[in-house]
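*Asks:* Handing you this structure, nothing more for now.
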Amino acid sequence: MKLEVEVISKEIIKPSFPTPHELCHYQLSSLDQSTLPVYNHLVLFYPTKSDVQIDYIKNILDHLKLSVSKALTYFYLLAGRIKDNLFVDCNDEGISFKEAQVKCRLSDFLQSPIPKELNKLFPFALDDAAELPMGIQFNTFDSIARGDQKNIVLPEFISAKLFPPWIISLPEPEVDTNKKNIATKRFVFSASKIEEIRAKYADSGSLENQKKCPSRIEALSALIWSRFVAATKKISGPDSFYTIIHTVNLRTRFEPPLPDQSFGNIYQAAITIPSWEKDCDNLGSQMRDSLRKIDKEYVRKLQVGEDLFDSIKEGDGSFNKVEKVPFIFTSLCMFPLYEADFGWGKPIWVSSASLSAKNVVVFMDTASGDGIEAWINLTEEDMAAFGSDEELLAASKSC
């Protein structure tokens with residue numbers, strides 16, 4: 001169903017304590033500088049009692065605002081402003097905080113949520129992260145909001161030391177919205193269907209009758225990409241150059257691994273150029289090989305500034321001669337999003353939204369924890385073909 005959302009208040013929340021002068025200049029790393037100016041986005045839905053009073057909601061909001069203000073003293077750069085894609089001026093100008101009223105019942109909306117309608121629940125357009133690092137139109141900051149001072153995990157701002165920045169001002173990477181209408185659909189895969197898909201894309205091992213199953217994300221990526229190509233190849237053209245891109249968290253690829261709380265865009269893209277020899281039967285192993293290349297040696301080369309994409313361009317002479325059709329996968333599975341308890345319980349659903357870029361898939365855990373939601377963003381023309389693919393529909397529930 002469609003949402004009618006009314007913003008009823010706007011304010012700027014600043015850190016509860018001023019940022020020390022020596023911390024007011026936060027240098028962006030080279031990975032930060034090369035990251036698209038797009039907000040990471042989440043909507044968390046919490047149940048409320050039917051007899052909730054206005055004073056109770058006001059108390060929650062006041063408590064949340066205070067918690068955000070306290071949290072910004074630790075995440076002080078989020079209250080600053082990005083300057084020339086070089087650094088963050090940690091000037092304590094604060095973050096945007098909006099209070100909005102949605103004119104429908106949560107239970108009614110969750111029966112048939114529409115991805116594009118979810119964008120109304122964000123404070124900004126998702127592809128407009130040029131200066132403001134953060135905004136809130138919902139609740140965050142778990143430990144502090146509950147008043148739990150003992151279990152706060154503090155961020156470590158080490159990204160620029162690991163990946164030295166470019167010292168000249170460079171234009172920010174641009175988001176390719178393709179000036180076409182983007183259609184977003186949510187496909188839900190149950191645990192049993194995921195196991196069937198993993199078995200389908202299992203690789204034959206060296207021993208007789210032995211097979212190595214791909215991970216859940218590898219298997220779903222193989223299914224979604226193969227059905228996308230099957231459904232849209234005539235639209236894209238026979239000479240299109242396809243690539244499969246997975247975002248990879250680099251924290252675990254260091255030796256020793258970086259702490260989970262290491263702050264910044266510490267990720268890289270694993271690029272697979274799929275082979276068509278076996279009709280995608282070995283696509284899982286192809287993607288796994290690409291992911292394995294993002295290892296500690298890769299990280300070392302990245303830290304000294306090597307162009308690790310040159311081998312792709314040189315290794316295939318057709319790279320610059322044909323239409324390129326990248327397909328991007330990113331996963332939030334296994335992140336403890338459903339543990340985000342701000343003092344009034346855990347969320348009943350955590351969602352993505354509709355993006356402005358085409359050929360992007362966001363994987364998220366289902367509320368039950370054993371299935372996976374795939375939020376797929378395609379052009380309307382491609383989605384019309386892809387969304388009616390019989391093999392895809394047999395493996396999932398389209399929402």
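Letters A, B, ... mark the chains of the structure tokens in the order given; residue numbers begin at 1 per chain; ligand numbers begin at 1, in order shown.
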Just want the 6 Å neighbourhood of segment 385-393 of chain A, counted on only C-alpha atoms, with same-chain residues fewer than 3 positions away dropped. Output as a VMD selection string.
*Replies:* chain A and resid 228 231 382 396
*Asks:* Could you give me, as a short mmCIF file (atom, residue, chain, number, x, y, z; two decimals) with N, CA, C and O atoms, in the first residue's frame, each residue of segment 20-154 of chain A that DSSP assigns to alpha helix (DSSP H) when run on this structure's backbone?
*Replies:*
```
data_model
loop_
_atom_site.label_atom_id
_atom_site.label_comp_id
_atom_site.auth_asym_id
_atom_site.auth_seq_id
_atom_site.Cartn_x
_atom_site.Cartn_y
_atom_site.Cartn_z
N SER A 30 41.69 6.74 0.68
CA SER A 30 41.50 6.60 -0.77
C SER A 30 40.26 5.78 -1.09
O SER A 30 39.59 6.02 -2.10
N LEU A 31 39.91 4.83 -0.20
CA LEU A 31 38.69 4.05 -0.42
C LEU A 31 37.45 4.90 -0.20
O LEU A 31 36.46 4.78 -0.91
N ASP A 32 37.50 5.79 0.82
CA ASP A 32 36.40 6.72 1.04
C ASP A 32 36.21 7.62 -0.18
O ASP A 32 35.08 7.88 -0.63
N GLN A 33 37.33 8.10 -0.74
CA GLN A 33 37.27 9.05 -1.85
C GLN A 33 36.70 8.42 -3.12
O GLN A 33 36.10 9.11 -3.93
N ILE A 54 0.28 10.07 23.66
CA ILE A 54 1.16 11.06 23.04
C ILE A 54 2.36 11.36 23.93
O ILE A 54 3.49 11.50 23.45
N ASP A 55 2.15 11.47 25.24
CA ASP A 55 3.24 11.76 26.16
C ASP A 55 4.31 10.67 26.12
O ASP A 55 5.51 10.95 26.23
N TYR A 56 3.87 9.41 25.95
CA TYR A 56 4.82 8.30 25.87
C TYR A 56 5.70 8.43 24.63
O TYR A 56 6.92 8.23 24.70
N ILE A 57 5.10 8.76 23.49
CA ILE A 57 5.86 8.93 22.26
C ILE A 57 6.83 10.10 22.39
O ILE A 57 7.98 10.03 21.96
N LYS A 58 6.36 11.19 23.03
CA LYS A 58 7.24 12.34 23.22
C LYS A 58 8.44 11.97 24.09
O LYS A 58 9.58 12.39 23.81
N ASN A 59 8.21 11.18 25.12
CA ASN A 59 9.32 10.76 25.97
C ASN A 59 10.33 9.92 25.21
O ASN A 59 11.55 10.04 25.40
N ILE A 60 9.82 9.04 24.32
CA ILE A 60 10.71 8.22 23.50
C ILE A 60 11.57 9.11 22.59
O ILE A 60 12.79 8.93 22.48
N LEU A 61 10.92 10.09 21.94
CA LEU A 61 11.65 10.97 21.04
C LEU A 61 12.69 11.80 21.79
O LEU A 61 13.84 11.95 21.33
N ASP A 62 12.32 12.33 22.92
CA ASP A 62 13.26 13.12 23.72
C ASP A 62 14.46 12.27 24.14
O ASP A 62 15.61 12.72 24.10
N HIS A 63 14.18 11.05 24.56
CA HIS A 63 15.24 10.14 24.98
C HIS A 63 16.14 9.79 23.80
O HIS A 63 17.38 9.74 23.92
N LEU A 64 15.52 9.58 22.64
CA LEU A 64 16.30 9.24 21.45
C LEU A 64 17.20 10.39 21.02
O LEU A 64 18.38 10.20 20.70
N LYS A 65 16.67 11.59 21.02
CA LYS A 65 17.47 12.75 20.63
C LYS A 65 18.67 12.93 21.57
O LYS A 65 19.78 13.23 21.12
N LEU A 66 18.43 12.75 22.86
CA LEU A 66 19.53 12.84 23.82
C LEU A 66 20.57 11.75 23.57
O LEU A 66 21.78 12.00 23.63
N SER A 67 20.09 10.56 23.24
CA SER A 67 21.00 9.45 22.97
C SER A 67 21.83 9.70 21.72
O SER A 67 23.03 9.40 21.67
N VAL A 68 21.19 10.24 20.68
CA VAL A 68 21.91 10.58 19.45
C VAL A 68 22.99 11.62 19.75
O VAL A 68 24.13 11.51 19.29
N SER A 69 22.64 12.62 20.53
CA SER A 69 23.59 13.67 20.87
C SER A 69 24.80 13.09 21.61
O SER A 69 25.96 13.45 21.32
N LYS A 70 24.55 12.18 22.52
CA LYS A 70 25.65 11.53 23.24
C LYS A 70 26.49 10.67 22.30
O LYS A 70 27.72 10.64 22.39
N ALA A 71 25.82 9.94 21.41
CA ALA A 71 26.53 9.07 20.49
C ALA A 71 27.44 9.85 19.55
O ALA A 71 28.52 9.39 19.18
N LEU A 106 0.76 0.31 11.00
CA LEU A 106 1.94 -0.46 10.62
C LEU A 106 1.55 -1.85 10.14
O LEU A 106 2.09 -2.35 9.14
N SER A 107 0.63 -2.49 10.82
CA SER A 107 0.23 -3.84 10.45
C SER A 107 -0.34 -3.88 9.05
O SER A 107 -0.13 -4.85 8.30
N ASP A 108 -1.06 -2.83 8.65
CA ASP A 108 -1.63 -2.79 7.31
C ASP A 108 -0.52 -2.65 6.26
O ASP A 108 -0.55 -3.33 5.23
N PHE A 109 0.45 -1.79 6.52
CA PHE A 109 1.52 -1.58 5.56
C PHE A 109 2.39 -2.82 5.39
O PHE A 109 2.78 -3.18 4.28
N LEU A 110 2.68 -3.51 6.49
CA LEU A 110 3.56 -4.67 6.42
C LEU A 110 2.94 -5.85 5.69
O LEU A 110 3.65 -6.78 5.30
N GLN A 111 1.64 -5.81 5.47
CA GLN A 111 1.01 -6.90 4.72
C GLN A 111 1.44 -6.88 3.27
O GLN A 111 1.56 -7.94 2.64
N PRO A 115 8.37 -1.22 -2.19
CA PRO A 115 9.73 -0.69 -2.00
C PRO A 115 9.86 0.81 -2.19
O PRO A 115 10.49 1.50 -1.38
N LYS A 116 9.26 1.37 -3.25
CA LYS A 116 9.41 2.81 -3.48
C LYS A 116 8.78 3.64 -2.38
O LYS A 116 9.22 4.76 -2.09
N GLU A 117 7.72 3.11 -1.73
CA GLU A 117 7.08 3.86 -0.65
C GLU A 117 7.99 3.97 0.57
O GLU A 117 7.89 4.91 1.34
N LEU A 118 8.87 2.99 0.74
CA LEU A 118 9.78 3.02 1.88
C LEU A 118 10.73 4.22 1.81
O LEU A 118 11.21 4.69 2.84
N ASP A 142 21.97 1.93 19.43
CA ASP A 142 21.44 0.88 20.30
C ASP A 142 21.84 1.02 21.76
O ASP A 142 21.03 1.33 22.60
N SER A 143 23.11 0.83 22.09
CA SER A 143 23.51 0.74 23.49
C SER A 143 23.21 2.02 24.27
O SER A 143 22.71 1.98 25.38
N ILE A 144 23.52 3.18 23.68
CA ILE A 144 23.35 4.43 24.41
C ILE A 144 21.88 4.73 24.63
O ILE A 144 21.48 5.20 25.69
N ALA A 145 21.04 4.45 23.67
CA ALA A 145 19.61 4.74 23.82
C ALA A 145 19.00 3.96 24.97
O ALA A 145 18.08 4.41 25.62
#
```
*Asks:* What separation in Å, quoted to one decimal, exists between atom CA of Asp127 of chain A and atom CA of Ala100 of chain A?
*Replies:*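 Straight-line distance from atom CA of Asp127 of chain A to atom CA of Ala100 of chain A works out to 20.8 Å.
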*Asks:* Separation of atom CA of Met383 of chain A and atom CA of Phe45 of chain A, in Å?
*Replies:*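 Between atom CA of Met383 of chain A and atom CA of Phe45 of chain A the gap is 27.2 Å.
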*Asks:* Looking at only C-alpha atoms, which of A:Ala199, A:Leu154, A:Lys2, A:Phe187 is the one that sits closest to Pro259 of chain A?
*Replies:*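 Looking at the shortest contact to Pro259 of chain A, the residue is A:Leu154.
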*Asks:* Give me, please, the distance in Å between atom CA of Arg186 of chain A and atom CA of Glu339 of chain A, quoted to one decimal.
*Replies:*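 For atom CA of Arg186 of chain A relative to atom CA of Glu339 of chain A, the distance reads 22.1 Å.
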*Asks:* Apply DSSP to the backbone of this structure and, from segment 67-134 of chain A, keep only the residues in strand (DSSP E or B); write these as an MDAnalysis selection string.
*Replies:* chainID A and resid 81:83 87:89 95:102
*Asks:* List the neighbours of Ile245 of chain A out to 9 Å using only C-alpha atoms; skip same-chain residues closer than 3 positions along the sequence, and give me the result as a list in words.
*Replies:*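 Listing them by chain and then by number gives Ala269, Ala270, Ile271, Thr272, Ile273, Met287, Pro326, Phe327, Ile328, Phe329 and Thr330 of chain A.
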*Asks:* Taking C-alpha atoms for each residue, export the selection above as a PDB file, in the first residue's frame.
*Replies:*
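again39.pdb was written with the following content:
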```
ATOM      1  CA  ALA A 269      34.743  -5.073  -5.301  1.00  0.00           C
ATOM      2  CA  ALA A 270      35.313  -8.666  -6.390  1.00  0.00           C
ATOM      3  CA  ILE A 271      34.702  -8.773 -10.140  1.00  0.00           C
ATOM      4  CA  THR A 272      33.728 -11.932 -11.988  1.00  0.00           C
ATOM      5  CA  ILE A 273      33.771 -12.097 -15.776  1.00  0.00           C
ATOM      6  CA  MET A 287      32.417 -16.199  -8.284  1.00  0.00           C
ATOM      7  CA  PRO A 326      27.687  -4.720 -14.563  1.00  0.00           C
ATOM      8  CA  PHE A 327      25.514  -6.438 -11.976  1.00  0.00           C
ATOM      9  CA  ILE A 328      26.224  -5.577  -8.351  1.00  0.00           C
ATOM     10  CA  PHE A 329      25.501  -7.699  -5.284  1.00  0.00           C
ATOM     11  CA  THR A 330      25.888  -6.571  -1.692  1.00  0.00           C
TER      12      THR A 330
END
```
*Asks:* Restricting the calculation to only C-alpha atoms: of A:Leu42, A:Leu283, A:His246, A:Phe363, which residue gets closest to Lys200 of chain A?
*Replies:*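 Among the listed residues, the smallest separation from Lys200 of chain A belongs to A:Leu283.
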*Asks:* Please provide the set of residues having any atom within 8 Å of Lys185 of chain A, restricted to only C-alpha atoms, with same-chain residues fewer than 2 positions apart removed, written as a ChimeraX atom specification.
*Replies:* /A:115,183,187,375-377,398-399
*Asks:* Mind writing the picked residues with all heavy atoms as an mmCIF file, in the first residue's frame?
*Replies:*
```cif
data_model
loop_
_atom_site.group_PDB
_atom_site.id
_atom_site.type_symbol
_atom_site.label_atom_id
_atom_site.label_comp_id
_atom_site.auth_asym_id
_atom_site.auth_seq_id
_atom_site.Cartn_x
_atom_site.Cartn_y
_atom_site.Cartn_z
ATOM 1 N N PRO A 115 8.374 -1.219 -2.194
ATOM 2 C CA PRO A 115 9.733 -0.685 -2.004
ATOM 3 C C PRO A 115 9.858 0.814 -2.188
ATOM 4 O O PRO A 115 10.491 1.497 -1.383
ATOM 5 C CB PRO A 115 10.545 -1.469 -3.037
ATOM 6 C CG PRO A 115 9.848 -2.794 -3.137
ATOM 7 C CD PRO A 115 8.385 -2.451 -3.018
ATOM 8 N N ALA A 183 12.727 0.097 -11.317
ATOM 9 C CA ALA A 183 11.723 -0.715 -10.632
ATOM 10 C C ALA A 183 12.434 -1.570 -9.590
ATOM 11 O O ALA A 183 13.501 -2.133 -9.855
ATOM 12 C CB ALA A 183 10.980 -1.604 -11.620
ATOM 13 N N PHE A 187 12.322 -10.197 -3.551
ATOM 14 C CA PHE A 187 12.120 -11.627 -3.752
ATOM 15 C C PHE A 187 12.578 -12.338 -2.482
ATOM 16 O O PHE A 187 13.713 -12.162 -2.033
ATOM 17 C CB PHE A 187 12.909 -12.132 -4.959
ATOM 18 C CG PHE A 187 12.438 -11.569 -6.278
ATOM 19 C CD1 PHE A 187 12.862 -10.325 -6.714
ATOM 20 C CD2 PHE A 187 11.551 -12.279 -7.076
ATOM 21 C CE1 PHE A 187 12.433 -9.791 -7.915
ATOM 22 C CE2 PHE A 187 11.104 -11.758 -8.282
ATOM 23 C CZ PHE A 187 11.539 -10.519 -8.704
ATOM 24 N N TRP A 375 16.533 -7.676 -2.563
ATOM 25 C CA TRP A 375 15.948 -6.431 -3.052
ATOM 26 C C TRP A 375 16.635 -6.101 -4.374
ATOM 27 O O TRP A 375 17.823 -5.748 -4.396
ATOM 28 C CB TRP A 375 16.145 -5.320 -2.031
ATOM 29 C CG TRP A 375 15.368 -5.528 -0.768
ATOM 30 C CD1 TRP A 375 15.608 -6.457 0.195
ATOM 31 C CD2 TRP A 375 14.219 -4.791 -0.351
ATOM 32 N NE1 TRP A 375 14.673 -6.354 1.205
ATOM 33 C CE2 TRP A 375 13.814 -5.334 0.902
ATOM 34 C CE3 TRP A 375 13.505 -3.715 -0.894
ATOM 35 C CZ2 TRP A 375 12.718 -4.836 1.602
ATOM 36 C CZ3 TRP A 375 12.416 -3.217 -0.189
ATOM 37 C CH2 TRP A 375 12.032 -3.786 1.039
ATOM 38 N N ILE A 376 15.893 -6.236 -5.474
ATOM 39 C CA ILE A 376 16.488 -6.171 -6.811
ATOM 40 C C ILE A 376 16.012 -4.911 -7.521
ATOM 41 O O ILE A 376 14.809 -4.643 -7.617
ATOM 42 C CB ILE A 376 16.130 -7.432 -7.626
ATOM 43 C CG1 ILE A 376 16.603 -8.681 -6.866
ATOM 44 C CG2 ILE A 376 16.745 -7.366 -9.012
ATOM 45 C CD1 ILE A 376 16.274 -9.990 -7.559
ATOM 46 N N ASN A 377 16.981 -4.129 -8.017
ATOM 47 C CA ASN A 377 16.712 -2.855 -8.688
ATOM 48 C C ASN A 377 17.138 -2.956 -10.157
ATOM 49 O O ASN A 377 18.321 -3.127 -10.454
ATOM 50 C CB ASN A 377 17.480 -1.723 -8.007
ATOM 51 C CG ASN A 377 17.157 -1.595 -6.531
ATOM 52 O OD1 ASN A 377 16.267 -0.866 -6.138
ATOM 53 N ND2 ASN A 377 17.898 -2.327 -5.693
ATOM 54 N N SER A 398 7.695 -13.347 -4.831
ATOM 55 C CA SER A 398 7.894 -11.972 -5.257
ATOM 56 C C SER A 398 6.962 -11.042 -4.486
ATOM 57 O O SER A 398 5.768 -11.326 -4.354
ATOM 58 C CB SER A 398 7.626 -11.828 -6.760
ATOM 59 O OG SER A 398 7.697 -10.487 -7.162
ATOM 60 N N CYS A 399 7.525 -9.923 -3.964
ATOM 61 C CA CYS A 399 6.734 -8.980 -3.180
ATOM 62 C C CYS A 399 6.855 -7.582 -3.772
ATOM 63 O O CYS A 399 7.880 -7.234 -4.322
ATOM 64 C CB CYS A 399 7.215 -8.951 -1.737
ATOM 65 S SG CYS A 399 7.220 -10.567 -0.931
#
```
*Asks:* So, counting only C-alpha atoms, which residue among A:Leu121, A:Leu302, A:Leu337, A:Cys104 is closest to Ile136 of chain A?
*Replies:*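 For Ile136 of chain A, the nearest of the given residues is A:Leu121.
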*Asks:* Of the residues A:Ser16, A:Leu77, A:Thr35, A:Val362, which is the one nearest to Glu156 of chain A, using only C-alpha atoms?
*Replies:* A:Leu77
*Asks:* Can you list, as an NGL selection string, every protein, DNA or RNA residue that comes within 8 Å of Pro15 of chain A when you count only C-alpha atoms, leaving out same-chain residues fewer than 2 positions away?
*Replies:* :A and (13 or 17-19 or 68-73 or 76 or 79 or 92 or 94)
